[in-house]
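Okay, input-v1.pdb is below, PDB, C-alpha atoms:
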ATOM      1  CA  MET A 123      25.785  -6.192  20.154  1.00  0.00           C
ATOM      2  CA  MET A 124      25.866  -2.839  18.381  1.00  0.00           C
ATOM      3  CA  LEU A 125      22.631  -0.881  18.078  1.00  0.00           C
ATOM      4  CA  GLU A 126      22.569  -1.109  14.283  1.00  0.00           C
ATOM      5  CA  ASP A 127      22.994  -4.904  14.479  1.00  0.00           C
ATOM      6  CA  LYS A 128      19.772  -5.203  16.478  1.00  0.00           C
ATOM      7  CA  ILE A 129      17.588  -3.476  13.853  1.00  0.00           C
ATOM      8  CA  VAL A 130      17.028  -6.137  11.225  1.00  0.00           C
ATOM      9  CA  THR A 131      14.931  -7.090   8.235  1.00  0.00           C
ATOM     10  CA  GLN A 132      12.161  -9.623   8.584  1.00  0.00           C
ATOM     11  CA  GLU A 133      14.319 -12.214   6.801  1.00  0.00           C
ATOM     12  CA  GLU A 134      17.233 -11.617   9.186  1.00  0.00           C
ATOM     13  CA  ALA A 135      14.878 -11.929  12.160  1.00  0.00           C
ATOM     14  CA  LEU A 136      13.496 -15.188  10.776  1.00  0.00           C
ATOM     15  CA  ALA A 137      16.995 -16.654  10.460  1.00  0.00           C
ATOM     16  CA  GLY A 138      17.834 -15.647  14.038  1.00  0.00           C
ATOM     17  CA  ILE A 139      14.579 -17.033  15.402  1.00  0.00           C
ATOM     18  CA  LYS A 140      15.039 -20.366  13.619  1.00  0.00           C
ATOM     19  CA  ASN A 141      18.573 -20.707  15.040  1.00  0.00           C
ATOM     20  CA  TRP A 142      17.407 -19.869  18.561  1.00  0.00           C
ATOM     21  CA  GLN A 143      14.420 -22.210  18.414  1.00  0.00           C
ATOM     22  CA  GLU A 144      16.541 -25.055  17.002  1.00  0.00           C
ATOM     23  CA  SER A 145      18.757 -24.587  20.073  1.00  0.00           C
ATOM     24  CA  GLY A 146      15.696 -24.941  22.307  1.00  0.00           C
ATOM     25  CA  GLU A 147      15.520 -21.248  23.217  1.00  0.00           C
ATOM     26  CA  LYS A 148      12.122 -19.550  23.618  1.00  0.00           C
ATOM     27  CA  VAL A 149      11.490 -16.493  21.474  1.00  0.00           C
ATOM     28  CA  VAL A 150       9.087 -13.805  22.679  1.00  0.00           C
ATOM     29  CA  PHE A 151       7.519 -11.380  20.202  1.00  0.00           C
ATOM     30  CA  THR A 152       5.707  -8.121  20.819  1.00  0.00           C
ATOM     31  CA  ASN A 153       4.819  -5.085  18.762  1.00  0.00           C
ATOM     32  CA  GLY A 154       3.701  -1.501  19.044  1.00  0.00           C
ATOM     33  CA  CYS A 155       4.112   2.093  17.967  1.00  0.00           C
ATOM     34  CA  PHE A 156       6.484   3.077  20.811  1.00  0.00           C
ATOM     35  CA  ASP A 157       6.113   6.716  19.759  1.00  0.00           C
ATOM     36  CA  LEU A 158       7.456   8.292  22.948  1.00  0.00           C
ATOM     37  CA  LEU A 159       9.338   5.733  24.973  1.00  0.00           C
ATOM     38  CA  HIS A 160       8.397   5.955  28.646  1.00  0.00           C
ATOM     39  CA  ALA A 161       8.965   3.960  31.829  1.00  0.00           C
ATOM     40  CA  GLY A 162       5.810   1.904  31.237  1.00  0.00           C
ATOM     41  CA  HIS A 163       7.241   0.713  27.914  1.00  0.00           C
ATOM     42  CA  VAL A 164      10.561  -0.179  29.532  1.00  0.00           C
ATOM     43  CA  ARG A 165       8.887  -2.188  32.317  1.00  0.00           C
ATOM     44  CA  TYR A 166       6.590  -3.896  29.795  1.00  0.00           C
ATOM     45  CA  LEU A 167       9.516  -4.933  27.579  1.00  0.00           C
ATOM     46  CA  GLN A 168      11.459  -6.210  30.587  1.00  0.00           C
ATOM     47  CA  ARG A 169       8.454  -8.349  31.588  1.00  0.00           C
ATOM     48  CA  ALA A 170       8.125  -9.619  28.018  1.00  0.00           C
ATOM     49  CA  LYS A 171      11.804 -10.584  27.904  1.00  0.00           C
ATOM     50  CA  ALA A 172      11.448 -12.486  31.194  1.00  0.00           C
ATOM     51  CA  LEU A 173       9.011 -14.860  29.432  1.00  0.00           C
ATOM     52  CA  GLY A 174      11.756 -16.355  27.247  1.00  0.00           C
ATOM     53  CA  LYS A 175      15.367 -16.182  26.158  1.00  0.00           C
ATOM     54  CA  HIS A 176      15.034 -13.658  23.289  1.00  0.00           C
ATOM     55  CA  LEU A 177      12.735 -10.673  22.717  1.00  0.00           C
ATOM     56  CA  ILE A 178      11.822  -9.494  19.216  1.00  0.00           C
ATOM     57  CA  VAL A 179      10.026  -6.127  18.989  1.00  0.00           C
ATOM     58  CA  ALA A 180       8.148  -5.113  15.848  1.00  0.00           C
ATOM     59  CA  VAL A 181       7.755  -1.332  15.558  1.00  0.00           C
ATOM     60  CA  ASN A 182       4.970   0.115  13.409  1.00  0.00           C
ATOM     61  CA  SER A 183       6.086   2.155  10.413  1.00  0.00           C
ATOM     62  CA  ASP A 184       5.168   5.843  10.217  1.00  0.00           C
ATOM     63  CA  ALA A 185       2.294   5.116   7.807  1.00  0.00           C
ATOM     64  CA  SER A 186       0.833   2.404  10.012  1.00  0.00           C
ATOM     65  CA  VAL A 187       1.061   4.640  13.103  1.00  0.00           C
ATOM     66  CA  ARG A 188      -0.838   7.370  11.220  1.00  0.00           C
ATOM     67  CA  ALA A 189      -3.488   4.834  10.210  1.00  0.00           C
ATOM     68  CA  LEU A 190      -3.847   3.621  13.795  1.00  0.00           C
ATOM     69  CA  LYS A 191      -3.401   6.852  15.777  1.00  0.00           C
ATOM     70  CA  GLY A 192      -4.337   9.681  13.403  1.00  0.00           C
ATOM     71  CA  PRO A 193      -2.595  12.298  11.256  1.00  0.00           C
ATOM     72  CA  GLN A 194      -0.711  13.962  14.145  1.00  0.00           C
ATOM     73  CA  ARG A 195       1.255  10.795  14.854  1.00  0.00           C
ATOM     74  CA  PRO A 196       3.903   9.551  15.007  1.00  0.00           C
ATOM     75  CA  ILE A 197       5.837  12.171  16.917  1.00  0.00           C
ATOM     76  CA  GLN A 198       9.140  10.468  16.036  1.00  0.00           C
ATOM     77  CA  PRO A 199      10.036   8.699  12.776  1.00  0.00           C
ATOM     78  CA  ALA A 200      10.220   4.897  12.699  1.00  0.00           C
ATOM     79  CA  ALA A 201      14.021   4.831  12.431  1.00  0.00           C
ATOM     80  CA  ASP A 202      14.358   6.832  15.658  1.00  0.00           C
ATOM     81  CA  ARG A 203      11.708   4.771  17.471  1.00  0.00           C
ATOM     82  CA  ALA A 204      13.444   1.553  16.396  1.00  0.00           C
ATOM     83  CA  ALA A 205      16.842   2.859  17.552  1.00  0.00           C
ATOM     84  CA  VAL A 206      15.536   3.761  21.008  1.00  0.00           C
ATOM     85  CA  ILE A 207      13.872   0.338  21.417  1.00  0.00           C
ATOM     86  CA  ALA A 208      17.022  -1.409  20.151  1.00  0.00           C
ATOM     87  CA  ALA A 209      19.102   0.421  22.778  1.00  0.00           C
ATOM     88  CA  LEU A 210      17.235  -1.359  25.570  1.00  0.00           C
ATOM     89  CA  GLU A 211      19.088  -4.259  27.150  1.00  0.00           C
ATOM     90  CA  SER A 212      15.918  -6.392  27.216  1.00  0.00           C
ATOM     91  CA  VAL A 213      15.478  -6.219  23.429  1.00  0.00           C
ATOM     92  CA  ASP A 214      17.365  -8.635  21.146  1.00  0.00           C
ATOM     93  CA  LEU A 215      16.034  -7.641  17.711  1.00  0.00           C
ATOM     94  CA  VAL A 216      13.842  -4.870  16.276  1.00  0.00           C
ATOM     95  CA  ILE A 217      11.879  -4.975  13.030  1.00  0.00           C
ATOM     96  CA  VAL A 218       9.993  -2.055  11.464  1.00  0.00           C
ATOM     97  CA  PHE A 219       6.843  -3.315   9.751  1.00  0.00           C
ATOM     98  CA  GLU A 220       4.484  -1.571   7.338  1.00  0.00           C
ATOM     99  CA  GLU A 221       1.109  -3.142   8.076  1.00  0.00           C
ATOM    100  CA  GLU A 222      -1.346  -1.998  10.747  1.00  0.00           C
ATOM    101  CA  ARG A 223      -1.597  -5.547  12.100  1.00  0.00           C
ATOM    102  CA  VAL A 224       1.141  -8.117  12.712  1.00  0.00           C
ATOM    103  CA  ASP A 225      -0.691 -11.220  11.497  1.00  0.00           C
ATOM    104  CA  ARG A 226       1.504 -11.666   8.410  1.00  0.00           C
ATOM    105  CA  LEU A 227       4.667 -11.083  10.439  1.00  0.00           C
ATOM    106  CA  LEU A 228       3.518 -13.513  13.134  1.00  0.00           C
ATOM    107  CA  ALA A 229       2.842 -16.160  10.492  1.00  0.00           C
ATOM    108  CA  LEU A 230       6.332 -15.647   9.051  1.00  0.00           C
ATOM    109  CA  LEU A 231       8.295 -15.557  12.313  1.00  0.00           C
ATOM    110  CA  GLN A 232       6.274 -17.995  14.448  1.00  0.00           C
ATOM    111  CA  PRO A 233       7.648 -17.006  17.853  1.00  0.00           C
ATOM    112  CA  ASN A 234       7.023 -19.210  20.874  1.00  0.00           C
ATOM    113  CA  ILE A 235       5.284 -16.483  22.868  1.00  0.00           C
ATOM    114  CA  TYR A 236       3.320 -13.394  21.845  1.00  0.00           C
ATOM    115  CA  ALA A 237       3.242 -10.700  24.550  1.00  0.00           C
ATOM    116  CA  LYS A 238       0.678  -7.920  24.507  1.00  0.00           C
ATOM    117  CA  GLY A 239      -0.080  -5.092  26.914  1.00  0.00           C
ATOM    118  CA  GLY A 240      -2.865  -5.192  29.474  1.00  0.00           C
ATOM    119  CA  ASP A 241      -5.055  -2.854  27.451  1.00  0.00           C
ATOM    120  CA  TYR A 242      -5.852  -6.038  25.475  1.00  0.00           C
ATOM    121  CA  THR A 243      -7.394  -9.359  26.379  1.00  0.00           C
ATOM    122  CA  THR A 244      -7.028 -12.582  24.420  1.00  0.00           C
ATOM    123  CA  ASP A 245     -10.541 -11.970  23.087  1.00  0.00           C
ATOM    124  CA  SER A 246      -9.863  -8.353  22.103  1.00  0.00           C
ATOM    125  CA  LEU A 247      -6.773  -9.144  20.021  1.00  0.00           C
ATOM    126  CA  TYR A 248      -7.383  -8.471  16.355  1.00  0.00           C
ATOM    127  CA  HIS A 249      -9.062 -11.624  15.023  1.00  0.00           C
ATOM    128  CA  THR A 250      -6.575 -12.337  12.205  1.00  0.00           C
ATOM    129  CA  GLU A 251      -3.642 -12.020  14.605  1.00  0.00           C
ATOM    130  CA  ARG A 252      -5.311 -14.405  17.064  1.00  0.00           C
ATOM    131  CA  GLU A 253      -6.170 -16.862  14.256  1.00  0.00           C
ATOM    132  CA  VAL A 254      -2.547 -16.948  13.061  1.00  0.00           C
ATOM    133  CA  MET A 255      -1.282 -17.589  16.578  1.00  0.00           C
ATOM    134  CA  GLU A 256      -3.868 -20.286  17.240  1.00  0.00           C
ATOM    135  CA  SER A 257      -2.985 -21.999  13.948  1.00  0.00           C
ATOM    136  CA  TYR A 258       0.510 -22.863  15.187  1.00  0.00           C
ATOM    137  CA  GLY A 259      -0.041 -22.869  18.941  1.00  0.00           C
ATOM    138  CA  VAL A 260       1.804 -19.758  20.082  1.00  0.00           C
ATOM    139  CA  GLU A 261       1.364 -18.919  23.742  1.00  0.00           C
ATOM    140  CA  ILE A 262      -0.353 -15.554  24.207  1.00  0.00           C
ATOM    141  CA  VAL A 263       0.575 -13.636  27.361  1.00  0.00           C
ATOM    142  CA  ILE A 264      -1.160 -10.421  28.380  1.00  0.00           C
ATOM    143  CA  LEU A 265       1.147  -8.298  30.550  1.00  0.00           C
ATOM    144  CA  PRO A 266      -0.006  -5.558  32.922  1.00  0.00           C
ATOM    145  CA  LEU A 267       0.403  -1.941  31.909  1.00  0.00           C
ATOM    146  CA  ASP A 268       2.293   0.286  34.283  1.00  0.00           C
ATOM    147  CA  GLY A 269       1.868   4.016  33.857  1.00  0.00           C
ATOM    148  CA  PRO A 270       0.189   6.354  31.404  1.00  0.00           C
ATOM    149  CA  SER A 271      -0.046   5.645  27.684  1.00  0.00           C
ATOM    150  CA  THR A 272       1.851   7.625  25.075  1.00  0.00           C
ATOM    151  CA  SER A 273      -1.461   9.175  23.980  1.00  0.00           C
ATOM    152  CA  GLU A 274      -2.093  10.340  27.558  1.00  0.00           C
ATOM    153  CA  ILE A 275       1.398  11.828  27.789  1.00  0.00           C
ATOM    154  CA  ILE A 276       0.960  13.651  24.467  1.00  0.00           C
ATOM    155  CA  GLY A 277      -2.444  14.936  25.617  1.00  0.00           C
ATOM    156  CA  LYS A 278      -0.925  16.292  28.828  1.00  0.00           C
ATOM    157  CA  ILE A 279       1.883  18.004  26.917  1.00  0.00           C
ATOM    158  CA  ARG A 280      -0.600  19.615  24.516  1.00  0.00           C
ATOM    159  CA  GLN A 281      -2.842  20.715  27.381  1.00  0.00           C
ATOM    160  CA  GLU A 282      -0.005  22.270  29.372  1.00  0.00           C
ATOM    161  CA  CYS A 283       1.997  23.700  26.478  1.00  0.00           C
ATOM    162  CA  GLY A 284      -0.767  24.637  24.101  1.00  0.00           C
TER     163      GLY A 284
END

Would you give me this structure, written as structure tokens?
Amino acid sequence: MMLEDKIVTQEEALAGIKNWQESGEKVVFTNGCFDLLHAGHVRYLQRAKALGKHLIVAVNSDASVRALKGPQRPIQPAADRAAVIAALESVDLVIVFEEERVDRLLALLQPNIYAKGGDYTTDSLYHTEREVMESYGVEIVILPLDGPSTSEIIGKIRQECG
């Protein structure tokens, strides 16, 4: 599949998910800023993909990254972050979303499994996201983190480079 075919609208993702689920295939969903892709991200996405047949990754828009991480972020624009994520073999589809939280997107797409990094627990997930998932019985899987965060990498770069 070509890179540009993997970056889709929410409606296109919904159609793909429905087809996969009707065929009995498990769909895994995860989301994040993915501002500077690093080995920890790659390992995390590979683990997420191993939970099902298809992996959908929702990437925060530039505005939502700023709201979550502060005015100095993102480092890379959403289109570039989405392209890098889409280039990974483990990723089937990528969606850029505008909101800070994925509760509306989760309610629309209704994946089988929601994967989140080990910096979260089921209890620390944002309450509206957890409520949406509980309302239709999605399985929530917390995956271990492996390596420094993007924020830690950016901090090290700023410290060493000024």

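Within the file as shown, the PyMOL selection byres ((chain A and resi 238) around 10) identifies Phe151, Thr152, Asn153, Gly154, Tyr166, Leu167, Ala170, Ile235, Tyr236, Ala237, Gly239, Gly240, Asp241, Tyr242, Thr243, Thr244, Leu247, Ile262, Val263, Ile264, Leu265, Pro266 and Leu267 of chain A.
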
Neighbour list for segment 253-257 of chain A as a VMD selection string, cut-off 7 Å, all atoms listed in the file, skip fewer than 6 positions in-chain = chain A and resid 225 228 to 229

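What separates atom CA of Leu173 of chain A from atom CA of Pro196 of chain A is a distance of 28.8 Å.
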
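Each of A:Ala135, A:Ile178, A:Ile279, A:Val216 was compared to Leu230 of chain A using all atoms listed in the file, and A:Ala135 turns out to be the nearest.
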
task = Convert the output of the PyMOL selection byres ((chain A and resi 162) around 7) on the shown file into explicit residues, formatted as a PyMOL selection string.
result = chain A and resi 160-161+163-166+267-269

Would you write out those residues with C-alpha atoms, as a compact mmCIF listing (two decimals), in the coordinates of the input?
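As a result, part.txt now contains:
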# COMPACT_ATOMS: atom_id res chain seq x y z
CA HIS A 160 8.40 5.96 28.65
CA ALA A 161 8.96 3.96 31.83
CA HIS A 163 7.24 0.71 27.91
CA VAL A 164 10.56 -0.18 29.53
CA ARG A 165 8.89 -2.19 32.32
CA TYR A 166 6.59 -3.90 29.80
CA LEU A 267 0.40 -1.94 31.91
CA ASP A 268 2.29 0.29 34.28
CA GLY A 269 1.87 4.02 33.86

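Of the residues listed (A:Ile139, A:Val224, A:Val130, A:Val150), A:Val150 shows the shortest atom-to-atom separation from Glu261 of chain A; distances use only C-alpha atoms.
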
key: Straight-line distance linking atom CA of Glu147 of chain A with atom CA of Ala180 of chain A, stated in Å to one decimal   = 19.2 Å

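Atom to atom, atom CA of Thr272 of chain A and atom CA of Asn182 of chain A stand 14.2 Å apart.
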
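Distance check against Phe219 of chain A using only C-alpha atoms: of A:Asp202, A:Asp184, A:Asp245, A:Glu126, the minimum falls on A:Asp184.
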
Polymer residues at most 9 Å from Leu190 of chain A, all atoms listed in the file, same-chain spacing of 5 or more positions, as number ranges by chain = A: 185, 195, 222

inquiry  = Let me make sure I understand: among A:Arg188, A:Arg223, A:Lys171, A:Lys140, which one has the smallest atom-to-atom distance to Glu211 of chain A if we use only C-alpha atoms?
reply    = A:Lys171

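For the set A:Glu274, A:Leu215, A:Leu136, A:Ser246, the residue with the smallest atom-to-atom gap to Leu227 of chain A is A:Leu136, counting only C-alpha atoms.
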
What box, with edges along x, y and z, holds each listed atom of segment 187-206 of chain A when 8 Å is added on every side, and can you state its centre and edge lengths in Å to one decimal, as lines of an AutoDock Vina configuration file?
center_x = 6.3
center_y = 7.8
center_z = 15.6
size_x = 37.2
size_y = 28.4
size_z = 26.8

task = List, as a ChimeraX atom specification, every residue that the PyMOL selection byres ((chain A and resi 124) around 12) selects in the file provided.
result = /A:123,125-130,205,208-211,214-215

Export of prior selection with C-alpha atoms as a PDB file, keeping the file's coordinate frame:
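Saved as out-v6.pdb:
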ATOM      1  CA  MET A 123      25.785  -6.192  20.154  1.00  0.00           C
ATOM      2  CA  LEU A 125      22.631  -0.881  18.078  1.00  0.00           C
ATOM      3  CA  GLU A 126      22.569  -1.109  14.283  1.00  0.00           C
ATOM      4  CA  ASP A 127      22.994  -4.904  14.479  1.00  0.00           C
ATOM      5  CA  LYS A 128      19.772  -5.203  16.478  1.00  0.00           C
ATOM      6  CA  ILE A 129      17.588  -3.476  13.853  1.00  0.00           C
ATOM      7  CA  VAL A 130      17.028  -6.137  11.225  1.00  0.00           C
ATOM      8  CA  ALA A 205      16.842   2.859  17.552  1.00  0.00           C
ATOM      9  CA  ALA A 208      17.022  -1.409  20.151  1.00  0.00           C
ATOM     10  CA  ALA A 209      19.102   0.421  22.778  1.00  0.00           C
ATOM     11  CA  LEU A 210      17.235  -1.359  25.570  1.00  0.00           C
ATOM     12  CA  GLU A 211      19.088  -4.259  27.150  1.00  0.00           C
ATOM     13  CA  ASP A 214      17.365  -8.635  21.146  1.00  0.00           C
ATOM     14  CA  LEU A 215      16.034  -7.641  17.711  1.00  0.00           C
TER      15      LEU A 215
END

message = Would you pick out the contacts of Pro199 of chain A at 9 Å or less, using all atoms listed in the file, so that residues sharing its chain but fewer than 5 positions from it are not included, and give the list as a PyMOL selection string?
response = chain A and resi 157+183-184+204

Missing atoms in segment 124-153 of chain A should be modelled up to N, CA and C atoms and reported as a short mmCIF file (atom, residue, chain, number, x, y, z; two decimals), in the frame of the given file.
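Result file is result-v1.cif:
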data_model
loop_
_atom_site.label_atom_id
_atom_site.label_comp_id
_atom_site.auth_asym_id
_atom_site.auth_seq_id
_atom_site.Cartn_x
_atom_site.Cartn_y
_atom_site.Cartn_z
N MET A 124 26.02 -4.25 18.76
CA MET A 124 25.87 -2.84 18.38
C MET A 124 24.41 -2.55 18.06
N LEU A 125 24.00 -1.31 18.31
CA LEU A 125 22.63 -0.88 18.08
C LEU A 125 22.16 -1.22 16.66
N GLU A 126 22.97 -0.88 15.67
CA GLU A 126 22.57 -1.11 14.28
C GLU A 126 22.45 -2.60 13.95
N ASP A 127 23.10 -3.46 14.70
CA ASP A 127 22.99 -4.90 14.48
C ASP A 127 21.68 -5.46 15.00
N LYS A 128 21.03 -4.74 15.90
CA LYS A 128 19.77 -5.20 16.48
C LYS A 128 18.57 -4.86 15.61
N ILE A 129 18.69 -3.87 14.74
CA ILE A 129 17.59 -3.48 13.85
C ILE A 129 17.77 -4.25 12.56
N VAL A 130 16.84 -5.17 12.30
CA VAL A 130 17.03 -6.14 11.22
C VAL A 130 15.82 -6.19 10.29
N THR A 131 16.03 -6.82 9.16
CA THR A 131 14.93 -7.09 8.24
C THR A 131 14.13 -8.28 8.76
N GLN A 132 12.98 -8.48 8.19
CA GLN A 132 12.16 -9.62 8.58
C GLN A 132 12.88 -10.94 8.29
N GLU A 133 13.59 -11.00 7.17
CA GLU A 133 14.32 -12.21 6.80
C GLU A 133 15.46 -12.49 7.78
N GLU A 134 16.16 -11.45 8.21
CA GLU A 134 17.23 -11.62 9.19
C GLU A 134 16.67 -12.07 10.53
N ALA A 135 15.53 -11.51 10.91
CA ALA A 135 14.88 -11.93 12.16
C ALA A 135 14.47 -13.39 12.08
N LEU A 136 13.92 -13.79 10.95
CA LEU A 136 13.50 -15.19 10.78
C LEU A 136 14.68 -16.14 10.94
N ALA A 137 15.80 -15.80 10.35
CA ALA A 137 17.00 -16.65 10.46
C ALA A 137 17.45 -16.76 11.92
N GLY A 138 17.45 -15.64 12.63
CA GLY A 138 17.83 -15.65 14.04
C GLY A 138 16.88 -16.47 14.89
N ILE A 139 15.59 -16.29 14.65
CA ILE A 139 14.58 -17.03 15.40
C ILE A 139 14.71 -18.53 15.17
N LYS A 140 14.89 -18.93 13.92
CA LYS A 140 15.04 -20.37 13.62
C LYS A 140 16.25 -20.95 14.35
N ASN A 141 17.37 -20.24 14.33
CA ASN A 141 18.57 -20.71 15.04
C ASN A 141 18.32 -20.84 16.54
N TRP A 142 17.69 -19.83 17.13
CA TRP A 142 17.41 -19.87 18.56
C TRP A 142 16.46 -21.02 18.90
N GLN A 143 15.40 -21.16 18.13
CA GLN A 143 14.42 -22.21 18.41
C GLN A 143 15.02 -23.60 18.22
N GLU A 144 15.87 -23.76 17.21
CA GLU A 144 16.54 -25.06 17.00
C GLU A 144 17.46 -25.39 18.18
N SER A 145 17.93 -24.38 18.89
CA SER A 145 18.76 -24.59 20.07
C SER A 145 17.91 -24.75 21.34
N GLY A 146 16.60 -24.76 21.18
CA GLY A 146 15.70 -24.94 22.31
C GLY A 146 15.40 -23.68 23.09
N GLU A 147 15.73 -22.52 22.53
CA GLU A 147 15.52 -21.25 23.22
C GLU A 147 14.16 -20.66 22.84
N LYS A 148 13.43 -20.16 23.85
CA LYS A 148 12.12 -19.55 23.62
C LYS A 148 12.28 -18.13 23.10
N VAL A 149 11.49 -17.82 22.07
CA VAL A 149 11.49 -16.49 21.47
C VAL A 149 10.16 -15.81 21.79
N VAL A 150 10.25 -14.62 22.35
CA VAL A 150 9.09 -13.80 22.68
C VAL A 150 8.99 -12.69 21.64
N PHE A 151 7.77 -12.41 21.20
CA PHE A 151 7.52 -11.38 20.20
C PHE A 151 6.50 -10.41 20.77
N THR A 152 6.71 -9.13 20.52
CA THR A 152 5.71 -8.12 20.82
C THR A 152 5.80 -7.03 19.77
N ASN A 153 4.83 -6.16 19.76
CA ASN A 153 4.82 -5.08 18.76
C ASN A 153 4.13 -3.86 19.32
#
